[in-house]
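What's in my_file.txt: compact mmCIF, C-alpha atoms and all ligand atoms
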# COMPACT_ATOMS: atom_id res chain seq x y z
CA MET Q 1 -86.29 -32.78 96.32
CA ILE Q 2 -89.18 -34.84 95.12
CA GLU Q 3 -88.20 -38.30 94.11
CA MET Q 4 -90.35 -38.83 91.02
CA THR Q 5 -90.02 -42.08 89.10
CA PHE Q 6 -91.52 -42.91 85.75
CA SER Q 7 -92.46 -46.35 84.51
CA ALA Q 8 -90.53 -47.41 81.41
CA GLU Q 9 -93.46 -46.74 79.08
CA VAL Q 10 -94.18 -43.31 80.61
CA ALA Q 11 -90.50 -42.32 80.38
CA GLN Q 12 -90.51 -43.29 76.74
CA ALA Q 13 -93.75 -41.44 76.07
CA ARG Q 14 -92.36 -38.28 77.67
CA ALA Q 15 -89.26 -38.47 75.51
CA SER Q 16 -91.19 -39.01 72.29
CA GLY Q 17 -94.20 -36.75 72.92
CA THR Q 18 -96.65 -39.68 72.97
CA PRO Q 19 -99.93 -38.77 74.71
CA VAL Q 20 -100.16 -39.78 78.36
CA VAL Q 21 -103.24 -40.26 80.57
CA ALA Q 22 -102.90 -40.11 84.36
CA LEU Q 23 -104.85 -42.61 86.48
CA GLU Q 24 -105.40 -42.52 90.23
CA SER Q 25 -104.75 -45.22 92.80
CA THR Q 26 -107.30 -44.55 95.56
CA ILE Q 27 -109.91 -46.19 93.37
CA ILE Q 28 -107.70 -49.31 93.57
CA THR Q 29 -106.99 -49.27 97.32
CA HIS Q 30 -110.19 -47.74 98.71
CA GLY Q 31 -112.75 -47.90 95.93
CA MET Q 32 -112.90 -51.55 94.84
CA PRO Q 33 -112.32 -54.94 96.49
CA TRP Q 34 -109.40 -57.21 95.65
CA PRO Q 35 -108.91 -58.85 93.14
CA ARG Q 36 -111.25 -56.91 90.87
CA ASN Q 37 -109.52 -53.66 91.81
CA VAL Q 38 -106.27 -54.82 90.21
CA GLU Q 39 -108.01 -56.49 87.27
CA THR Q 40 -109.84 -53.22 86.65
CA ALA Q 41 -106.69 -51.11 86.99
CA ARG Q 42 -105.02 -53.31 84.37
CA ALA Q 43 -108.02 -53.16 82.04
CA VAL Q 44 -108.18 -49.38 82.39
CA GLU Q 45 -104.49 -49.11 81.49
CA GLN Q 46 -105.16 -51.32 78.49
CA ALA Q 47 -108.09 -49.15 77.40
CA VAL Q 48 -105.78 -46.13 77.45
CA ARG Q 49 -103.23 -47.99 75.31
CA SER Q 50 -105.92 -49.07 72.85
CA GLY Q 51 -106.84 -45.41 72.53
CA GLY Q 52 -103.30 -44.57 71.42
CA ALA Q 53 -102.02 -43.13 74.72
CA VAL Q 54 -99.82 -44.36 77.55
CA PRO Q 55 -101.28 -44.90 81.05
CA ALA Q 56 -99.59 -43.39 84.10
CA THR Q 57 -101.12 -44.81 87.27
CA ILE Q 58 -99.94 -42.58 90.11
CA ALA Q 59 -99.14 -43.58 93.71
CA VAL Q 60 -96.58 -42.91 96.44
CA ILE Q 61 -94.46 -45.99 97.12
CA ASP Q 62 -91.79 -45.92 99.83
CA GLY Q 63 -91.40 -42.16 99.54
CA CYS Q 64 -91.26 -42.12 95.74
CA LEU Q 65 -93.86 -40.32 93.68
CA CYS Q 66 -94.47 -42.99 91.04
CA VAL Q 67 -95.87 -41.86 87.70
CA GLY Q 68 -96.69 -45.16 86.06
CA LEU Q 69 -96.57 -48.40 88.08
CA SER Q 70 -95.07 -51.72 87.13
CA PRO Q 71 -97.45 -54.72 87.15
CA ALA Q 72 -95.76 -55.91 90.38
CA GLN Q 73 -96.24 -52.51 92.05
CA LEU Q 74 -99.88 -52.40 90.98
CA ASN Q 75 -100.46 -55.89 92.28
CA ALA Q 76 -98.83 -55.14 95.64
CA LEU Q 77 -100.76 -51.89 96.09
CA GLY Q 78 -104.04 -53.63 95.30
CA GLN Q 79 -103.53 -56.13 98.12
CA ALA Q 80 -101.83 -53.92 100.70
CA LYS Q 81 -103.74 -53.19 103.89
CA ASP Q 82 -103.96 -49.79 105.56
CA VAL Q 83 -102.58 -47.82 102.63
CA ALA Q 84 -102.92 -44.08 103.24
CA LYS Q 85 -105.44 -42.16 101.14
CA LEU Q 86 -103.53 -39.10 100.06
CA SER Q 87 -104.94 -35.73 99.14
CA ARG Q 88 -103.43 -32.23 98.87
CA ALA Q 89 -103.07 -31.98 102.66
CA ASP Q 90 -100.99 -35.10 103.27
CA LEU Q 91 -99.10 -35.84 100.04
CA ALA Q 92 -95.92 -34.04 101.13
CA VAL Q 93 -95.99 -35.58 104.63
CA CYS Q 94 -96.20 -39.07 103.13
CA LEU Q 95 -93.21 -38.32 100.88
CA ALA Q 96 -91.22 -36.85 103.79
CA ARG Q 97 -91.79 -39.98 105.87
CA ARG Q 98 -90.95 -42.17 102.89
CA GLY Q 99 -94.36 -43.75 103.23
CA THR Q 100 -96.73 -45.46 100.83
CA GLY Q 101 -100.11 -44.06 99.84
CA ALA Q 102 -102.74 -44.03 97.17
CA THR Q 103 -103.53 -40.74 95.47
CA THR Q 104 -107.06 -39.33 95.34
CA VAL Q 105 -108.27 -37.14 92.50
CA ALA Q 106 -106.70 -34.09 94.17
CA ALA Q 107 -103.27 -35.66 94.75
CA THR Q 108 -103.26 -37.33 91.33
CA MET Q 109 -103.91 -33.96 89.67
CA ILE Q 110 -100.97 -32.43 91.56
CA ALA Q 111 -98.65 -35.26 90.48
CA ALA Q 112 -99.94 -35.27 86.90
CA HIS Q 113 -99.32 -31.54 86.54
CA LEU Q 114 -95.82 -31.90 87.94
CA ALA Q 115 -95.14 -34.63 85.38
CA GLY Q 116 -96.52 -32.56 82.50
CA ILE Q 117 -99.65 -34.70 82.04
CA HIS Q 118 -102.75 -32.75 81.06
CA VAL Q 119 -105.53 -35.30 81.31
CA PHE Q 120 -106.63 -37.75 83.96
CA ALA Q 121 -109.35 -40.41 84.02
CA THR Q 122 -111.14 -41.63 87.12
CA GLY Q 123 -114.58 -42.92 88.17
CA GLY Q 124 -116.25 -40.08 90.03
CA ILE Q 125 -114.80 -37.05 91.75
CA GLY Q 126 -115.35 -36.32 95.42
CA GLY Q 127 -117.74 -33.48 96.20
CA VAL Q 128 -120.03 -31.98 98.78
CA HIS Q 129 -121.34 -34.70 101.08
CA ARG Q 130 -124.97 -34.80 102.10
CA GLY Q 131 -125.31 -33.04 105.42
CA ALA Q 132 -122.26 -30.90 104.66
CA GLU Q 133 -124.08 -27.95 106.22
CA ALA Q 134 -123.40 -29.71 109.54
CA SER Q 135 -120.27 -31.78 108.81
CA PHE Q 136 -118.47 -29.32 106.50
CA ASP Q 137 -117.36 -32.41 104.51
CA ILE Q 138 -116.45 -31.05 101.09
CA SER Q 139 -113.87 -32.98 99.09
CA ALA Q 140 -110.53 -31.34 98.42
CA ASP Q 141 -111.02 -32.57 94.84
CA LEU Q 142 -113.19 -29.52 94.14
CA HIS Q 143 -110.55 -27.01 95.21
CA GLU Q 144 -107.94 -28.92 93.25
CA LEU Q 145 -109.96 -28.57 90.08
CA ALA Q 146 -109.98 -24.83 90.74
CA GLN Q 147 -106.22 -24.52 90.96
CA THR Q 148 -104.41 -27.29 89.05
CA PRO Q 149 -104.56 -27.30 85.24
CA VAL Q 150 -105.54 -30.88 84.50
CA THR Q 151 -108.66 -31.95 82.61
CA VAL Q 152 -110.37 -34.67 84.67
CA VAL Q 153 -112.69 -37.18 83.02
CA ALA Q 154 -115.23 -38.64 85.48
CA ALA Q 155 -118.75 -40.02 85.24
CA GLY Q 156 -119.98 -37.03 87.22
CA ALA Q 157 -119.87 -36.78 90.99
CA LYS Q 158 -120.71 -39.92 92.95
CA ALA Q 159 -124.44 -40.22 93.60
CA ILE Q 160 -123.76 -40.70 97.32
CA LEU Q 161 -123.00 -36.96 97.41
CA ASP Q 162 -125.22 -33.91 97.43
CA VAL Q 163 -124.96 -33.36 93.69
CA PRO Q 164 -126.74 -29.95 93.52
CA LYS Q 165 -124.43 -28.54 96.21
CA THR Q 166 -121.41 -30.05 94.45
CA LEU Q 167 -122.37 -28.23 91.25
CA GLU Q 168 -122.88 -24.98 93.20
CA VAL Q 169 -119.42 -25.19 94.76
CA LEU Q 170 -117.81 -25.97 91.42
CA GLU Q 171 -119.49 -22.92 89.97
CA THR Q 172 -118.31 -20.74 92.85
CA LEU Q 173 -114.76 -22.03 92.35
CA GLY Q 174 -114.87 -21.27 88.64
CA VAL Q 175 -114.49 -24.87 87.49
CA PRO Q 176 -115.93 -25.65 84.05
CA VAL Q 177 -118.29 -28.61 84.42
CA ILE Q 178 -118.74 -30.06 80.95
CA ALA Q 179 -121.18 -32.88 80.25
CA PHE Q 180 -119.90 -34.88 77.31
CA GLY Q 181 -122.53 -35.50 74.65
CA GLN Q 182 -125.65 -34.78 76.71
CA ASP Q 183 -127.37 -31.86 78.42
CA GLU Q 184 -127.77 -33.44 81.84
CA PHE Q 185 -125.06 -33.86 84.46
CA PRO Q 186 -124.51 -37.63 84.84
CA ALA Q 187 -124.74 -39.27 88.28
CA PHE Q 188 -121.93 -41.86 88.29
CA TRP Q 189 -123.85 -45.20 88.24
CA SER Q 190 -126.69 -43.54 86.29
CA ARG Q 191 -126.65 -41.45 83.14
CA ARG Q 192 -129.07 -38.92 84.54
CA SER Q 193 -129.08 -36.81 87.69
CA GLY Q 194 -132.12 -34.70 86.90
CA LEU Q 195 -129.84 -31.65 86.90
CA PRO Q 196 -128.76 -29.76 83.80
CA ALA Q 197 -125.00 -29.65 83.31
CA PRO Q 198 -123.59 -26.12 83.36
CA LEU Q 199 -121.86 -26.79 80.01
CA ARG Q 200 -122.15 -29.37 77.28
CA MET Q 201 -119.50 -30.28 74.72
CA ASP Q 202 -119.52 -33.00 72.06
CA ASP Q 203 -116.11 -32.59 70.49
CA PRO Q 204 -112.96 -33.77 72.32
CA ALA Q 205 -110.79 -31.35 70.33
CA GLU Q 206 -112.85 -28.41 71.62
CA ILE Q 207 -112.56 -29.63 75.20
CA VAL Q 208 -108.78 -29.59 74.85
CA ALA Q 209 -108.86 -26.20 73.15
CA ALA Q 210 -110.85 -24.85 76.12
CA GLN Q 211 -108.20 -26.06 78.60
CA ALA Q 212 -105.48 -24.46 76.46
CA LEU Q 213 -107.45 -21.21 76.41
CA ARG Q 214 -107.70 -21.21 80.19
CA ARG Q 215 -103.94 -21.12 80.23
CA ALA Q 216 -103.84 -18.37 77.62
CA LEU Q 217 -106.28 -16.39 79.78
CA ARG Q 218 -103.96 -16.96 82.77
CA LEU Q 219 -106.75 -18.79 84.57
CA PRO Q 220 -105.59 -21.48 86.97
CA GLY Q 221 -107.33 -24.79 87.31
CA GLY Q 222 -108.63 -27.65 85.27
CA GLN Q 223 -111.91 -28.80 83.84
CA LEU Q 224 -114.33 -31.51 84.87
CA VAL Q 225 -115.52 -33.57 81.91
CA ALA Q 226 -118.60 -35.49 83.04
CA ASN Q 227 -118.85 -38.52 80.79
CA PRO Q 228 -122.07 -40.52 81.24
CA ILE Q 229 -121.81 -44.25 81.97
CA PRO Q 230 -122.66 -46.37 78.89
CA ALA Q 231 -126.42 -47.01 78.76
CA GLU Q 232 -126.09 -50.80 78.90
CA ALA Q 233 -124.13 -50.60 82.17
CA GLU Q 234 -126.14 -48.04 84.12
CA ILE Q 235 -128.22 -48.63 87.23
CA ALA Q 236 -131.34 -46.47 87.37
CA ALA Q 237 -131.10 -43.63 89.88
CA SER Q 238 -134.53 -44.57 91.25
CA GLU Q 239 -133.27 -48.04 92.11
CA LEU Q 240 -130.16 -46.72 93.83
CA ALA Q 241 -131.77 -43.90 95.80
CA PRO Q 242 -133.16 -46.02 98.68
CA LEU Q 243 -129.94 -48.03 98.90
CA ILE Q 244 -127.89 -44.84 99.14
CA GLU Q 245 -130.22 -43.59 101.90
CA LYS Q 246 -129.75 -46.85 103.79
CA ALA Q 247 -125.95 -46.72 103.46
CA LEU Q 248 -125.89 -43.07 104.56
CA ALA Q 249 -128.03 -43.83 107.62
CA GLU Q 250 -125.68 -46.67 108.57
CA ALA Q 251 -122.65 -44.42 108.19
CA GLN Q 252 -124.24 -41.95 110.56
CA VAL Q 253 -125.10 -44.55 113.19
CA ARG Q 254 -121.57 -45.91 113.05
CA GLY Q 255 -119.96 -42.47 113.24
CA ILE Q 256 -118.09 -42.86 109.94
CA ALA Q 257 -116.36 -39.54 109.19
CA ALA Q 258 -113.72 -37.77 107.11
CA LYS Q 259 -111.70 -39.97 104.74
CA GLN Q 260 -113.63 -43.11 105.65
CA VAL Q 261 -116.99 -41.83 104.39
CA THR Q 262 -116.58 -42.44 100.65
CA PRO Q 263 -114.94 -45.91 100.94
CA PHE Q 264 -117.61 -47.00 103.47
CA LEU Q 265 -120.50 -45.89 101.27
CA LEU Q 266 -119.05 -47.47 98.12
CA GLN Q 267 -118.55 -50.77 99.96
CA ARG Q 268 -122.10 -50.78 101.41
CA ILE Q 269 -123.66 -49.97 98.05
CA TYR Q 270 -121.64 -52.80 96.54
CA GLU Q 271 -123.14 -55.15 99.13
CA LEU Q 272 -126.67 -53.76 98.82
CA THR Q 273 -126.66 -54.16 95.02
CA ASP Q 274 -125.17 -57.66 95.16
CA GLY Q 275 -122.08 -56.43 93.39
CA ARG Q 276 -123.84 -54.68 90.54
CA SER Q 277 -122.56 -51.26 91.57
CA LEU Q 278 -119.03 -52.55 91.05
CA ASP Q 279 -119.81 -53.79 87.53
CA ALA Q 280 -121.21 -50.36 86.73
CA ASN Q 281 -118.22 -48.62 88.33
CA ILE Q 282 -115.82 -50.69 86.21
CA ALA Q 283 -117.75 -49.96 83.01
CA LEU Q 284 -117.76 -46.23 83.64
CA VAL Q 285 -114.05 -46.05 84.45
CA LEU Q 286 -113.21 -47.90 81.24
CA ASN Q 287 -115.43 -45.52 79.32
CA ASN Q 288 -113.66 -42.55 80.92
CA ALA Q 289 -110.25 -43.99 80.07
CA ARG Q 290 -111.24 -44.21 76.40
CA LEU Q 291 -112.35 -40.58 76.29
CA ALA Q 292 -109.26 -39.45 78.21
CA ALA Q 293 -107.03 -41.18 75.64
CA GLN Q 294 -108.74 -39.18 72.90
CA LEU Q 295 -108.25 -35.96 74.83
CA ALA Q 296 -104.58 -36.80 75.47
CA THR Q 297 -104.06 -37.23 71.73
CA HIS Q 298 -105.41 -33.74 71.12
CA PHE Q 299 -103.22 -32.31 73.90
CA ALA Q 300 -100.18 -33.93 72.29
CA ASN Q 301 -100.95 -32.06 69.08
CA LEU Q 302 -100.80 -28.68 70.80
CA PRO Q 303 -97.34 -27.29 70.06
CA ASP Q 304 -96.47 -25.91 73.50
CA PHE Q 305 -98.02 -28.65 75.60
CA HIS Q 306 -95.06 -31.01 75.30
CA GLN Q 307 -92.59 -29.99 77.93
CA PRO Q 308 -93.14 -30.91 81.54
CA PRO Q 309 -94.12 -27.80 83.54
CA GLN Q 310 -91.05 -27.92 85.76
CA ASP Q 311 -88.90 -27.42 82.66
CA ARG Q 312 -91.04 -24.54 81.54
CA ARG Q 313 -90.46 -22.30 84.59
CA LEU Q 314 -94.11 -21.71 85.42
N1 LIG W 401 -113.79 -42.83 91.63
C1 LIG W 401 -114.25 -44.09 91.87
N2 LIG W 401 -113.99 -44.63 93.09
C2 LIG W 401 -113.28 -43.95 94.08
C3 LIG W 401 -112.79 -42.63 93.80
C4 LIG W 401 -113.08 -42.13 92.56
O1 LIG W 401 -114.89 -44.70 91.01
O2 LIG W 401 -113.07 -44.49 95.18
C5 LIG W 401 -112.02 -41.89 94.89
C6 LIG W 401 -111.16 -40.76 94.31
O3 LIG W 401 -109.82 -40.97 94.71
C7 LIG W 401 -111.71 -39.50 94.94
C8 LIG W 401 -112.16 -40.02 96.26
O4 LIG W 401 -110.74 -38.45 95.03
O5 LIG W 401 -112.84 -41.22 95.87
C9 LIG W 401 -113.07 -39.05 96.99
O6 LIG W 401 -112.78 -39.12 98.37
P1 LIG W 401 -113.35 -38.01 99.37
O7 LIG W 401 -114.84 -38.07 99.18
O8 LIG W 401 -112.92 -38.49 100.74
O9 LIG W 401 -112.74 -36.71 98.98
MN MN W 402 -114.27 -35.70 102.75
Target encoding structure tokens, full file:
Amino acid sequence: MIEMTFSAEVAQARASGTPVVALESTIITHGMPWPRNVETARAVEQAVRSGGAVPATIAVIDGCLCVGLSPAQLNALGQAKDVAKLSRADLAVCLARRGTGATTVAATMIAAHLAGIHVFATGGIGGVHRGAEASFDISADLHELAQTPVTVVAAGAKAILDVPKTLEVLETLGVPVIAFGQDEFPAFWSRRSGLPAPLRMDDPAEIVAAQALRRALRLPGGQLVANPIPAEAEIAASELAPLIEKALAEAQVRGIAAKQVTPFLLQRIYELTDGRSLDANIALVLNNARLAAQLATHFANLPDFHQPPQDRRL
């Protein structure tokens, strides 16, 4: 059996039908340096609460699938060294060994669905890495979006990726990629990627209706809502491009591969921008949390979206 534990506020929200927003933990352990990782995680939770929803930060702690973390758990996770980065492939193994690990977008979606949570906010999803034609490095996040019915709010795919190939794979997998409020697909630290988004929506209620209709159509999978970083916080793509190239070249020389690639690149870009990439990353996650809270409120108004899926005999 899965040992799933809910924080007090998540348990209460589940009982009363209060909207809940899932949050991931890899961004805390592998995406941002201490102590700003924990400060950000707290601020993101607070942004969800201000939006009228309850935050459920998800992680595996000592073999427990935690849906909602206490402040002490969050603090400990943010300082822990060598925490596993869990995706679809290794989530069950970590639970079986009673280990501790942070959940990526893919693993957080799995846990959110199990807990009956329909919406999840993060920074940027994983995607097709540059050079994937040789490395085959394509994030499991993309396949998760194709099979697990959770609407994911992100500021696009990280600009360290091959964004055109990421969009192609999402299309192949049948994942709706919805830019919120603009025509262009956003590029994480920048509002613009130069690529048109496959879909554009401006109304949170319609985004939620579209996820509900996927279910009615018996289509598996979620939706990617690409929410552009606020204008005042963005870093121009032209400024970042050479820094990303430099970080990628370093990763290649040092033989960085597999799960280490994304954390390495984020850390190098943080250093190469004198910390400005982190300020932008924090601003975009907060912005995504606010939109996710709105979406969660609309999900909570859908009559048959209350019960957790395991009680619904899917
Ligand atoms: N968003 C951020 N920072 C991050 C991530 C998302 O702002 O570090 C994490 C997510 O957990 C995502 C992971 O699933 O990066 C992608 O890892 P990979 O490229 O190895 O699939
Ligand atoms: Mn990868």
Practice item. Counting only C-alpha atoms, figure out which residue out of Q:Ala241, Q:Arg290, Q:Leu167, Q:Leu248 gets nearest to Thr273 in chain Q. Key: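 Closest to Thr273 in chain Q of all the choices is Q:Ala241.
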Practice item. Could I get the residue neighbourhood of ligand MN 402 (chain W) at 9 Å, counting all atoms listed in the file, as a ChimeraX atom specification? Key: /Q:126-129,136-140,257-262
Review point. For the atom pair CA of Leu173 in chain Q and CA of Ala300 in chain Q, what is the interatomic distance in Å to one decimal place?
Key: 27.5 Å
**Study point:** Distance filter 9 Å around ligand LIG 401 (chain W), atoms: only C-alpha atoms and all ligand atoms, out as a PyMOL selection string
**Key:** chain Q and resi 24-32+85-87+102-108+122-129+137-142+154-155+157-158+161+188+258-263+266+278+281-282+284-285
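Closest approach to Ser193 in chain Q among Q:Val175, Q:Leu240, Q:Leu77, Q:Leu219 is made by Q:Leu240 (distances from all atoms listed in the file).
CA of Asp162 in chain Q to CA of Val38 in chain Q spans 29.1 Å [interatomic distance, one decimal].
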Review point. Quick one: residues within 7 Å of Val153 in chain Q, only C-alpha atoms counted, chain neighbours fewer than 6 positions away excluded, as a ChimeraX atom specification?
Key: /Q:120-122,224-227,288,292
Practice item. Report the distance between CA of Leu272 in chain Q and CA of Leu243 in chain Q in Å, rounded to one decimal place. Key: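 These atoms are spaced 6.6 Å apart.
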Exercise for review: Go through Q:Gln46, Q:Gln223, Q:Ser70, Q:Thr100 and flag the residue nearest Val83 in chain Q, using all atoms listed in the file for the distances.
Suggested key: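 Using all atoms listed in the file, the shortest distance to Val83 in chain Q belongs to Q:Thr100.
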Check your understanding: Using all atoms listed in the file, which of Q:Ile61, Q:Ile117, Q:Ile207, Q:Ala293 sits nearest Gly99 in chain Q?
Key ->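 Of Q:Ile61, Q:Ile117, Q:Ile207, Q:Ala293, the one nearest Gly99 in chain Q is Q:Ile61, counting all atoms listed in the file.
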Review point. With all atoms listed in the file as the basis for distance, which of Q:Arg98, Q:His118, Q:Arg42, Q:Arg49 is at the shortest distance from Leu74 in chain Q?
Key: Q:Arg42
**Study point:** Close residues, Ala296 in chain Q itself excluded, 7 Å, only C-alpha atoms, min 4 positions apart in chain, as a PyMOL selection string
**Key:** chain Q and resi 19-21+53+119+292+300
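If all atoms listed in the file are the atoms counted, then among Q:Asn301, Q:Gln294, Q:Thr166, Q:Ser190 the closest residue to Ala212 in chain Q is Q:Asn301.
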May I have the protein, DNA and RNA residues with an atom at most 10 Å from (-110.7, -22.2, 96.2), counting only C-alpha atoms in the file's coordinates, returned as a compact mmCIF listing (two decimals) with C-alpha atoms, in the frame of the given file?
# COMPACT_ATOMS: atom_id res chain seq x y z
CA ALA Q 140 -110.53 -31.34 98.42
CA LEU Q 142 -113.19 -29.52 94.14
CA HIS Q 143 -110.55 -27.01 95.21
CA GLU Q 144 -107.94 -28.92 93.25
CA LEU Q 145 -109.96 -28.57 90.08
CA ALA Q 146 -109.98 -24.83 90.74
CA GLN Q 147 -106.22 -24.52 90.96
CA VAL Q 169 -119.42 -25.19 94.76
CA LEU Q 170 -117.81 -25.97 91.42
CA THR Q 172 -118.31 -20.74 92.85
CA LEU Q 173 -114.76 -22.03 92.35
CA GLY Q 174 -114.87 -21.27 88.64
CA VAL Q 175 -114.49 -24.87 87.49
CA GLY Q 221 -107.33 -24.79 87.31
Exercise for review: Write out as a PyMOL selection string which residues come within 8 Å of Ala205 in chain Q when counting only C-alpha atoms, dropping same-chain ones fewer than 3 positions away.
Suggested key: chain Q and resi 208-209+295+298
